[in-house]
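Quick notes on the structure that follows.
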Amino acid sequence: MASGIGLLFPGQGSQSVGMGRALYDAQPLVRKTYEEAGTILGYDVAALCFNGPAERLNLTEYTQPALLTASIAALRLLEPLGLRPLAVAGHSLGEYSALVAAGGVTFSAAVSLVQKRGQYMAEAVSPGTGLVAAILGLSGEAVREACREASERGMVAPANFNCPGQVVIAGEKAAVERAIELVKARGCRKAIPLPVSVPVHTPLMQKAADRLAADVAVTAFSDLEVPLVNNVDAKPLRRLTEVRDSLVRQLPSPVLWEGSVRAMWEMGVRTFIEVGPGTVLTGLVKRIVPEAMTLNVQDPKSLEATLKTLNMNR
């Protein structure tokens, strides 16, 4: 088996119409996962993932359960291998997929919880008033300074520290637009608005976090079978009390993704497998620890390549 495996799970921004379809068509186990989600949510999750429309799939209350379902469907195809990862992590919403993988919560409980999470996030900020943008080519500190300066126009803050030279900012539209002007003046390479419908991981999400706390408190979590490196501290967690606290703090706090990947590397992870739609996290890992081996599972071709690599390294 490839040495020191870590599993990574994507978050919002990795969704696209058609995601998961090839695995669904090829694997009966995958179909069961989508059916299970549909029964809990009360709508056809497979139809939303495969046919859209994109406008609906990109609404956070739909994006979150859809991505979780697609990720867990892919994970279930790896489970027969008996992989025992050293650690798991997920980007924002992906932390819930990672918790399922770590044995901390059932898939059905996670789907129900992220539907509420998405709803609370959507309701915390009026539609069209928020903006999220990726800032490329500037240090985290330079981006922080630009956000501080732009905050005279409203709330704006770093939301994700993704990798060296990539920080996502979020907040109120006018303030984010001002921050974009300021980072460009400071020499940023690019500023890209993202298809995320709410300014997550900023203090604007405190109201949503307070509502989520009540649901997290009554959801059945267990201590984890493998450590979860969390977003909010970039530290490994095992205890269910720590997990509950971490999930609530996560919403109004920035995602420390670069720190999380480095923490997994220090724990001995050398092979990172991105499980679920897209290869966003694979790209970030390559920027953070270029010497790591990266694999992904999102369709039959990538599944086959990953299984082949893992078997070769047994």
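Lettering and numbering for the structure tokens are positional, with chains as A, B, ... in the shown order, residues counted from 1 in each chain, and ligands counted from 1 in the shown order.
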Exercise for review: Considering only C-alpha atoms, return as a ChimeraX atom specification whatever protein or nucleic-acid residues lie within 12 Å of range 34-48 of chain A, sequence-local ones (same chain, fewer than 6 positions apart) excluded.
Suggested key: /A:15-25,27-28,54-59,61-74,76,106-116
Could you save the residues just selected, with N, CA and C atoms, as a tab-separated table (two decimals), in the first residue's frame?
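So selection-v8.tsv came out as:
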chain	number	residue	atom	x	y	z
A	15	GLN	N	-18.17	21.99	-7.24
A	15	GLN	CA	-19.37	21.43	-7.88
A	15	GLN	C	-19.46	21.81	-9.35
A	16	SER	N	-20.03	20.93	-10.15
A	16	SER	CA	-20.34	21.24	-11.55
A	16	SER	C	-21.46	20.30	-11.99
A	17	VAL	N	-22.29	20.78	-12.91
A	17	VAL	CA	-23.37	19.94	-13.42
A	17	VAL	C	-22.75	18.73	-14.13
A	18	GLY	N	-23.22	17.54	-13.79
A	18	GLY	CA	-22.68	16.30	-14.36
A	18	GLY	C	-21.76	15.58	-13.40
A	19	MET	N	-21.41	16.22	-12.25
A	19	MET	CA	-20.45	15.60	-11.32
A	19	MET	C	-20.99	14.27	-10.80
A	20	GLY	N	-20.13	13.26	-10.80
A	20	GLY	CA	-20.48	11.95	-10.27
A	20	GLY	C	-21.23	11.04	-11.22
A	21	ARG	N	-21.62	11.56	-12.38
A	21	ARG	CA	-22.49	10.77	-13.28
A	21	ARG	C	-21.83	9.49	-13.77
A	22	ALA	N	-20.55	9.60	-14.17
A	22	ALA	CA	-19.87	8.42	-14.74
A	22	ALA	C	-19.76	7.30	-13.70
A	23	LEU	N	-19.48	7.65	-12.44
A	23	LEU	CA	-19.43	6.63	-11.38
A	23	LEU	C	-20.83	6.06	-11.12
A	24	TYR	N	-21.82	6.91	-11.15
A	24	TYR	CA	-23.21	6.49	-10.92
A	24	TYR	C	-23.64	5.47	-11.98
A	25	ASP	N	-23.29	5.76	-13.23
A	25	ASP	CA	-23.66	4.86	-14.34
A	25	ASP	C	-22.92	3.52	-14.25
A	27	GLN	N	-21.45	2.05	-11.31
A	27	GLN	CA	-21.37	1.35	-10.03
A	27	GLN	C	-22.70	1.35	-9.28
A	28	PRO	N	-23.33	0.21	-9.07
A	28	PRO	CA	-24.59	0.13	-8.32
A	28	PRO	C	-24.48	0.71	-6.91
A	54	ALA	N	-27.45	24.70	-13.23
A	54	ALA	CA	-26.29	25.18	-12.46
A	54	ALA	C	-26.70	26.22	-11.43
A	55	GLU	N	-27.68	27.07	-11.79
A	55	GLU	CA	-28.11	28.13	-10.85
A	55	GLU	C	-28.61	27.52	-9.54
A	56	ARG	N	-29.28	26.37	-9.63
A	56	ARG	CA	-29.79	25.72	-8.41
A	56	ARG	C	-28.66	24.98	-7.70
A	57	LEU	N	-27.84	24.27	-8.47
A	57	LEU	CA	-26.73	23.52	-7.88
A	57	LEU	C	-25.77	24.45	-7.14
A	58	ASN	N	-25.62	25.70	-7.61
A	58	ASN	CA	-24.69	26.65	-7.00
A	58	ASN	C	-25.26	27.36	-5.77
A	59	LEU	N	-26.55	27.14	-5.47
A	59	LEU	CA	-27.11	27.70	-4.23
A	59	LEU	C	-26.63	26.85	-3.06
A	61	GLU	N	-27.49	25.87	-0.17
A	61	GLU	CA	-28.31	24.84	0.50
A	61	GLU	C	-28.47	23.59	-0.36
A	62	TYR	N	-28.19	23.70	-1.67
A	62	TYR	CA	-28.20	22.53	-2.56
A	62	TYR	C	-26.78	22.02	-2.82
A	63	THR	N	-25.84	22.95	-2.96
A	63	THR	CA	-24.45	22.57	-3.23
A	63	THR	C	-23.92	21.61	-2.16
A	64	GLN	N	-24.21	21.93	-0.90
A	64	GLN	CA	-23.57	21.20	0.20
A	64	GLN	C	-23.99	19.73	0.25
A	65	PRO	N	-25.31	19.41	0.28
A	65	PRO	CA	-25.67	17.99	0.28
A	65	PRO	C	-25.24	17.27	-1.00
A	66	ALA	N	-25.25	18.01	-2.13
A	66	ALA	CA	-24.87	17.39	-3.42
A	66	ALA	C	-23.40	16.99	-3.42
A	67	LEU	N	-22.54	17.87	-2.95
A	67	LEU	CA	-21.10	17.57	-2.91
A	67	LEU	C	-20.79	16.47	-1.90
A	68	LEU	N	-21.44	16.53	-0.76
A	68	LEU	CA	-21.25	15.48	0.26
A	68	LEU	C	-21.63	14.12	-0.32
A	69	THR	N	-22.76	14.06	-1.01
A	69	THR	CA	-23.23	12.80	-1.59
A	69	THR	C	-22.25	12.27	-2.64
A	70	ALA	N	-21.81	13.15	-3.53
A	70	ALA	CA	-20.87	12.74	-4.58
A	70	ALA	C	-19.56	12.26	-3.98
A	71	SER	N	-19.11	12.91	-2.91
A	71	SER	CA	-17.84	12.53	-2.26
A	71	SER	C	-17.96	11.18	-1.55
A	72	ILE	N	-19.05	10.97	-0.82
A	72	ILE	CA	-19.21	9.71	-0.08
A	72	ILE	C	-19.44	8.56	-1.05
A	73	ALA	N	-20.13	8.83	-2.17
A	73	ALA	CA	-20.30	7.79	-3.19
A	73	ALA	C	-18.94	7.32	-3.70
A	74	ALA	N	-18.03	8.27	-3.94
A	74	ALA	CA	-16.67	7.92	-4.40
A	74	ALA	C	-15.90	7.19	-3.30
A	76	ARG	N	-17.03	5.26	-0.97
A	76	ARG	CA	-17.52	3.89	-0.80
A	76	ARG	C	-16.89	2.92	-1.80
A	106	THR	N	-22.66	9.28	10.76
A	106	THR	CA	-23.18	8.50	9.62
A	106	THR	C	-23.43	9.42	8.44
A	107	PHE	N	-23.44	8.84	7.24
A	107	PHE	CA	-23.72	9.60	6.03
A	107	PHE	C	-25.10	10.27	6.13
A	108	SER	N	-26.10	9.52	6.59
A	108	SER	CA	-27.45	10.08	6.63
A	108	SER	C	-27.53	11.27	7.60
A	109	ALA	N	-26.87	11.17	8.74
A	109	ALA	CA	-26.86	12.29	9.70
A	109	ALA	C	-26.11	13.49	9.11
A	110	ALA	N	-25.01	13.23	8.39
A	110	ALA	CA	-24.22	14.31	7.79
A	110	ALA	C	-25.01	15.03	6.70
A	111	VAL	N	-25.74	14.28	5.87
A	111	VAL	CA	-26.54	14.90	4.79
A	111	VAL	C	-27.59	15.82	5.38
A	112	SER	N	-28.26	15.35	6.40
A	112	SER	CA	-29.29	16.15	7.05
A	112	SER	C	-28.69	17.42	7.66
A	113	LEU	N	-27.53	17.28	8.29
A	113	LEU	CA	-26.87	18.41	8.94
A	113	LEU	C	-26.39	19.45	7.93
A	114	VAL	N	-25.78	19.01	6.83
A	114	VAL	CA	-25.26	20.01	5.88
A	114	VAL	C	-26.39	20.70	5.11
A	115	GLN	N	-27.54	20.05	4.97
A	115	GLN	CA	-28.68	20.74	4.36
A	115	GLN	C	-29.06	21.95	5.23
A	116	LYS	N	-29.10	21.72	6.55
A	116	LYS	CA	-29.43	22.82	7.47
A	116	LYS	C	-28.32	23.87	7.47
I'd like a table as JSON lines: residues in range 176-227 of chain A with an atom no more than 10 Å from range 136-159 of chain A, each row giving the shortest atom pair and its distance in Å to one decimal, only C-alpha atoms counted, sorted by chain and rising residue number.
{"residue": "A:Val176", "atom": "CA", "partner": "A:Val156", "partner_atom": "CA", "distance": 5.8}
{"residue": "A:Glu177", "atom": "CA", "partner": "A:Ala150", "partner_atom": "CA", "distance": 8.5}
{"residue": "A:Arg178", "atom": "CA", "partner": "A:Ala150", "partner_atom": "CA", "distance": 5.6}
{"residue": "A:Ala179", "atom": "CA", "partner": "A:Ala150", "partner_atom": "CA", "distance": 5.1}
{"residue": "A:Ile180", "atom": "CA", "partner": "A:Ala146", "partner_atom": "CA", "distance": 8.2}
{"residue": "A:Glu181", "atom": "CA", "partner": "A:Ala146", "partner_atom": "CA", "distance": 8.9}
{"residue": "A:Leu182", "atom": "CA", "partner": "A:Ala146", "partner_atom": "CA", "distance": 5.7}
{"residue": "A:Val183", "atom": "CA", "partner": "A:Ala146", "partner_atom": "CA", "distance": 6.1}
{"residue": "A:Lys184", "atom": "CA", "partner": "A:Leu138", "partner_atom": "CA", "distance": 9.5}
{"residue": "A:Ala185", "atom": "CA", "partner": "A:Ala146", "partner_atom": "CA", "distance": 9.6}
{"residue": "A:Arg186", "atom": "CA", "partner": "A:Ala142", "partner_atom": "CA", "distance": 7.8}
{"residue": "A:Gly187", "atom": "CA", "partner": "A:Leu138", "partner_atom": "CA", "distance": 7.3}
{"residue": "A:Cys188", "atom": "CA", "partner": "A:Gly137", "partner_atom": "CA", "distance": 5.0}
{"residue": "A:Arg189", "atom": "CA", "partner": "A:Gly137", "partner_atom": "CA", "distance": 5.0}
{"residue": "A:Lys190", "atom": "CA", "partner": "A:Leu136", "partner_atom": "CA", "distance": 5.1}
{"residue": "A:Ala191", "atom": "CA", "partner": "A:Leu136", "partner_atom": "CA", "distance": 6.3}
{"residue": "A:Ile192", "atom": "CA", "partner": "A:Leu136", "partner_atom": "CA", "distance": 8.3}
{"residue": "A:Pro199", "atom": "CA", "partner": "A:Ala159", "partner_atom": "CA", "distance": 8.1}
{"residue": "A:Val200", "atom": "CA", "partner": "A:Ala159", "partner_atom": "CA", "distance": 6.9}
{"residue": "A:His201", "atom": "CA", "partner": "A:Ala159", "partner_atom": "CA", "distance": 4.9}
{"residue": "A:Thr202", "atom": "CA", "partner": "A:Ala159", "partner_atom": "CA", "distance": 6.0}
{"residue": "A:Pro203", "atom": "CA", "partner": "A:Met155", "partner_atom": "CA", "distance": 8.1}
{"residue": "A:Leu204", "atom": "CA", "partner": "A:Met155", "partner_atom": "CA", "distance": 7.6}
I need the chosen residues saved as a compact mmCIF listing (two decimals), in the first residue's frame, with C-alpha atoms.
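File written: result-v3.txt
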# COMPACT_ATOMS: atom_id res chain seq x y z
CA VAL A 176 -14.76 42.90 -1.30
CA GLU A 177 -14.71 44.98 -4.50
CA ARG A 178 -12.62 47.61 -2.69
CA ALA A 179 -10.27 44.93 -1.35
CA ILE A 180 -9.83 43.63 -4.92
CA GLU A 181 -8.77 47.14 -6.04
CA LEU A 182 -6.30 47.30 -3.14
CA VAL A 183 -4.72 43.89 -3.73
CA LYS A 184 -4.31 44.76 -7.43
CA ALA A 185 -2.53 47.96 -6.40
CA ARG A 186 -0.27 45.80 -4.18
CA GLY A 187 0.68 43.66 -7.20
CA CYS A 188 -1.58 40.61 -6.97
CA ARG A 189 -1.44 38.44 -10.09
CA LYS A 190 -5.18 37.83 -10.37
CA ALA A 191 -8.45 38.31 -8.47
CA ILE A 192 -11.18 35.84 -9.46
CA PRO A 199 -19.49 34.88 2.18
CA VAL A 200 -18.63 31.85 4.29
CA HIS A 201 -15.78 31.73 6.85
CA THR A 202 -16.19 35.36 7.85
CA PRO A 203 -17.85 36.94 10.91
CA LEU A 204 -20.97 37.40 8.72
Point to revise | Atom pair CA of Glu95 in chain A / CA of Pro254 in chain A: separation (Å) | key: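 Rounded to one decimal, the two atoms are 13.4 Å apart.
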Exercise for review: Taking the chain letters and numbering used in this document, name the residues of range 45-104 of chain A that DSSP puts in strand (DSSP E or B), as a PyMOL selection string.
Suggested key: chain A and resi 87-90
Practice item. Can you work out which one of A:Val30, A:Ser253, A:Ile135, A:Val248 has the shortest atom-to-atom distance to Leu75 in chain A, counting only C-alpha atoms? Key: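 Of all the options, A:Val30 lies closest to Leu75 in chain A.
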Point to revise | Separation of CA of Pro85 in chain A from CA of Leu8 in chain A, in Å and rounded to one decimal | key: 10.3 Å
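Nearest residue to Gln119 in chain A, choosing from A:Lys173, A:Arg211, A:Arg262, A:Lys308 and counting only C-alpha atoms: A:Arg211.
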Point to revise | Top pick for closest residue to Met205 in chain A, considering A:Leu99, A:Leu251, A:Cys49, A:Ala26 and counting only C-alpha atoms | key: A:Leu251
Exercise for review: Run DSSP on the backbone of this structure and report the residues of range 40-207 of chain A it assigns to helix (DSSP H, G or I), as JSON, numbers by chain.
Suggested key: {"A": [40, 41, 45, 46, 47, 48, 49, 50, 51, 54, 55, 56, 57, 60, 61, 62, 63, 64, 65, 66, 67, 68, 69, 70, 71, 72, 73, 74, 75, 76, 77, 78, 79, 80, 81, 94, 95, 96, 97, 98, 99, 100, 101, 107, 108, 109, 110, 111, 112, 113, 114, 115, 116, 117, 118, 119, 120, 121, 122, 123, 124, 140, 141, 142, 143, 144, 145, 146, 147, 148, 149, 150, 151, 152, 153, 173, 174, 175, 176, 177, 178, 179, 180, 181, 182, 183, 184, 185, 203, 204, 205, 206, 207]}
Could you write those residues out with C-alpha atoms, as a PDB file, in the first residue's frame?
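out-v2.pdb, freshly written:
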ATOM      1  CA  ILE A  40     -33.457  12.127   3.502  1.00  0.00           C
ATOM      2  CA  LEU A  41     -33.592  15.415   1.566  1.00  0.00           C
ATOM      3  CA  VAL A  45     -30.102  14.487  -5.660  1.00  0.00           C
ATOM      4  CA  ALA A  46     -28.849  12.533  -8.685  1.00  0.00           C
ATOM      5  CA  ALA A  47     -30.986  14.624 -11.071  1.00  0.00           C
ATOM      6  CA  LEU A  48     -29.681  17.854  -9.511  1.00  0.00           C
ATOM      7  CA  CYS A  49     -26.035  16.724  -9.739  1.00  0.00           C
ATOM      8  CA  PHE A  50     -26.272  15.375 -13.279  1.00  0.00           C
ATOM      9  CA  ASN A  51     -28.739  17.779 -14.939  1.00  0.00           C
ATOM     10  CA  ALA A  54     -26.291  25.179 -12.464  1.00  0.00           C
ATOM     11  CA  GLU A  55     -28.109  28.129 -10.854  1.00  0.00           C
ATOM     12  CA  ARG A  56     -29.787  25.722  -8.412  1.00  0.00           C
ATOM     13  CA  LEU A  57     -26.730  23.520  -7.878  1.00  0.00           C
ATOM     14  CA  THR A  60     -25.357  26.769  -1.011  1.00  0.00           C
ATOM     15  CA  GLU A  61     -28.306  24.841   0.499  1.00  0.00           C
ATOM     16  CA  TYR A  62     -28.201  22.526  -2.556  1.00  0.00           C
ATOM     17  CA  THR A  63     -24.446  22.571  -3.231  1.00  0.00           C
ATOM     18  CA  GLN A  64     -23.574  21.204   0.200  1.00  0.00           C
ATOM     19  CA  PRO A  65     -25.671  17.989   0.278  1.00  0.00           C
ATOM     20  CA  ALA A  66     -24.874  17.390  -3.415  1.00  0.00           C
ATOM     21  CA  LEU A  67     -21.102  17.568  -2.914  1.00  0.00           C
ATOM     22  CA  LEU A  68     -21.247  15.480   0.262  1.00  0.00           C
ATOM     23  CA  THR A  69     -23.231  12.796  -1.589  1.00  0.00           C
ATOM     24  CA  ALA A  70     -20.872  12.744  -4.585  1.00  0.00           C
ATOM     25  CA  SER A  71     -17.844  12.526  -2.265  1.00  0.00           C
ATOM     26  CA  ILE A  72     -19.206   9.714  -0.083  1.00  0.00           C
ATOM     27  CA  ALA A  73     -20.299   7.787  -3.194  1.00  0.00           C
ATOM     28  CA  ALA A  74     -16.675   7.920  -4.398  1.00  0.00           C
ATOM     29  CA  LEU A  75     -15.368   7.027  -0.920  1.00  0.00           C
ATOM     30  CA  ARG A  76     -17.516   3.891  -0.802  1.00  0.00           C
ATOM     31  CA  LEU A  77     -15.698   2.580  -3.881  1.00  0.00           C
ATOM     32  CA  LEU A  78     -12.391   2.796  -1.982  1.00  0.00           C
ATOM     33  CA  GLU A  79     -13.705   1.144   1.193  1.00  0.00           C
ATOM     34  CA  PRO A  80     -13.351  -2.474  -0.052  1.00  0.00           C
ATOM     35  CA  LEU A  81      -9.575  -1.855  -0.181  1.00  0.00           C
ATOM     36  CA  GLY A  94     -15.625  18.760   2.870  1.00  0.00           C
ATOM     37  CA  GLU A  95     -14.920  18.503   6.598  1.00  0.00           C
ATOM     38  CA  TYR A  96     -18.304  16.771   6.938  1.00  0.00           C
ATOM     39  CA  SER A  97     -17.350  14.206   4.261  1.00  0.00           C
ATOM     40  CA  ALA A  98     -14.058  13.705   6.118  1.00  0.00           C
ATOM     41  CA  LEU A  99     -15.967  13.093   9.366  1.00  0.00           C
ATOM     42  CA  VAL A 100     -18.029  10.374   7.665  1.00  0.00           C
ATOM     43  CA  ALA A 101     -14.774   8.812   6.396  1.00  0.00           C
ATOM     44  CA  PHE A 107     -23.722   9.604   6.032  1.00  0.00           C
ATOM     45  CA  SER A 108     -27.455  10.082   6.631  1.00  0.00           C
ATOM     46  CA  ALA A 109     -26.857  12.289   9.697  1.00  0.00           C
ATOM     47  CA  ALA A 110     -24.219  14.311   7.788  1.00  0.00           C
ATOM     48  CA  VAL A 111     -26.537  14.896   4.792  1.00  0.00           C
ATOM     49  CA  SER A 112     -29.289  16.146   7.054  1.00  0.00           C
ATOM     50  CA  LEU A 113     -26.870  18.413   8.944  1.00  0.00           C
ATOM     51  CA  VAL A 114     -25.262  20.010   5.879  1.00  0.00           C
ATOM     52  CA  GLN A 115     -28.679  20.742   4.361  1.00  0.00           C
ATOM     53  CA  LYS A 116     -29.431  22.819   7.469  1.00  0.00           C
ATOM     54  CA  ARG A 117     -25.935  24.335   7.426  1.00  0.00           C
ATOM     55  CA  GLY A 118     -26.461  25.492   3.841  1.00  0.00           C
ATOM     56  CA  GLN A 119     -29.883  26.898   4.651  1.00  0.00           C
ATOM     57  CA  TYR A 120     -28.592  28.823   7.689  1.00  0.00           C
ATOM     58  CA  MET A 121     -25.674  30.195   5.661  1.00  0.00           C
ATOM     59  CA  ALA A 122     -27.999  31.331   2.863  1.00  0.00           C
ATOM     60  CA  GLU A 123     -30.343  33.018   5.347  1.00  0.00           C
ATOM     61  CA  ALA A 124     -27.540  34.760   7.275  1.00  0.00           C
ATOM     62  CA  GLY A 140      -1.495  36.171   3.422  1.00  0.00           C
ATOM     63  CA  GLU A 141      -0.360  39.209   5.381  1.00  0.00           C
ATOM     64  CA  ALA A 142      -0.667  41.540   2.357  1.00  0.00           C
ATOM     65  CA  VAL A 143      -4.207  40.270   1.761  1.00  0.00           C
ATOM     66  CA  ARG A 144      -5.079  40.761   5.451  1.00  0.00           C
ATOM     67  CA  GLU A 145      -3.850  44.389   5.229  1.00  0.00           C
ATOM     68  CA  ALA A 146      -5.941  45.048   2.114  1.00  0.00           C
ATOM     69  CA  CYS A 147      -9.019  43.631   3.859  1.00  0.00           C
ATOM     70  CA  ARG A 148      -8.392  45.798   6.925  1.00  0.00           C
ATOM     71  CA  GLU A 149      -8.131  48.894   4.714  1.00  0.00           C
ATOM     72  CA  ALA A 150     -11.229  47.960   2.682  1.00  0.00           C
ATOM     73  CA  SER A 151     -13.321  47.343   5.788  1.00  0.00           C
ATOM     74  CA  GLU A 152     -14.323  51.038   5.834  1.00  0.00           C
ATOM     75  CA  ARG A 153     -16.734  49.952   3.041  1.00  0.00           C
ATOM     76  CA  LYS A 173     -19.939  43.148  -1.929  1.00  0.00           C
ATOM     77  CA  ALA A 174     -18.712  46.766  -1.820  1.00  0.00           C
ATOM     78  CA  ALA A 175     -15.973  45.928   0.690  1.00  0.00           C
ATOM     79  CA  VAL A 176     -14.762  42.898  -1.302  1.00  0.00           C
ATOM     80  CA  GLU A 177     -14.715  44.984  -4.497  1.00  0.00           C
ATOM     81  CA  ARG A 178     -12.620  47.610  -2.690  1.00  0.00           C
ATOM     82  CA  ALA A 179     -10.270  44.927  -1.348  1.00  0.00           C
ATOM     83  CA  ILE A 180      -9.828  43.628  -4.917  1.00  0.00           C
ATOM     84  CA  GLU A 181      -8.772  47.136  -6.039  1.00  0.00           C
ATOM     85  CA  LEU A 182      -6.305  47.302  -3.140  1.00  0.00           C
ATOM     86  CA  VAL A 183      -4.722  43.892  -3.734  1.00  0.00           C
ATOM     87  CA  LYS A 184      -4.308  44.763  -7.430  1.00  0.00           C
ATOM     88  CA  ALA A 185      -2.529  47.959  -6.397  1.00  0.00           C
ATOM     89  CA  PRO A 203     -17.854  36.938  10.905  1.00  0.00           C
ATOM     90  CA  LEU A 204     -20.969  37.400   8.722  1.00  0.00           C
ATOM     91  CA  MET A 205     -21.601  33.688   9.371  1.00  0.00           C
ATOM     92  CA  GLN A 206     -21.794  34.008  13.171  1.00  0.00           C
ATOM     93  CA  LYS A 207     -25.612  33.997  13.072  1.00  0.00           C
TER      94      LYS A 207
END
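Taking only C-alpha atoms, the non-local environment of Trp257 in chain A within 8 Å (same-chain residues fewer than 3 positions away omitted) comprises His91, Asn160, Phe161, Asn162, Cys163, Asn231, Ala234, Ser260 and Val261 of chain A.
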Practice item. Select, from A:Ala213, A:Ile288, A:Val275, A:Val229, the residue with the minimum atom-to-atom distance to Glu258 in chain A, counting only C-alpha atoms. Key: A:Ile288
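Distance check against Ala89 in chain A using only C-alpha atoms: of A:Ala134, A:Met312, A:Val255, A:Ala208, the minimum falls on A:Val255.
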Point to revise | Selection near Gly4 in chain A, 9 Å with only C-alpha atoms, sequence-local residues under 6 positions removed, as a PyMOL selection string | key: chain A and resi 85-87+265+267-272
**Study point:** Residue nearest Val125 in chain A among A:Val289, A:Ala217, A:Glu172, A:Thr282 (counting only C-alpha atoms)
**Key:**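 Smallest distance to Val125 in chain A is found for A:Glu172.
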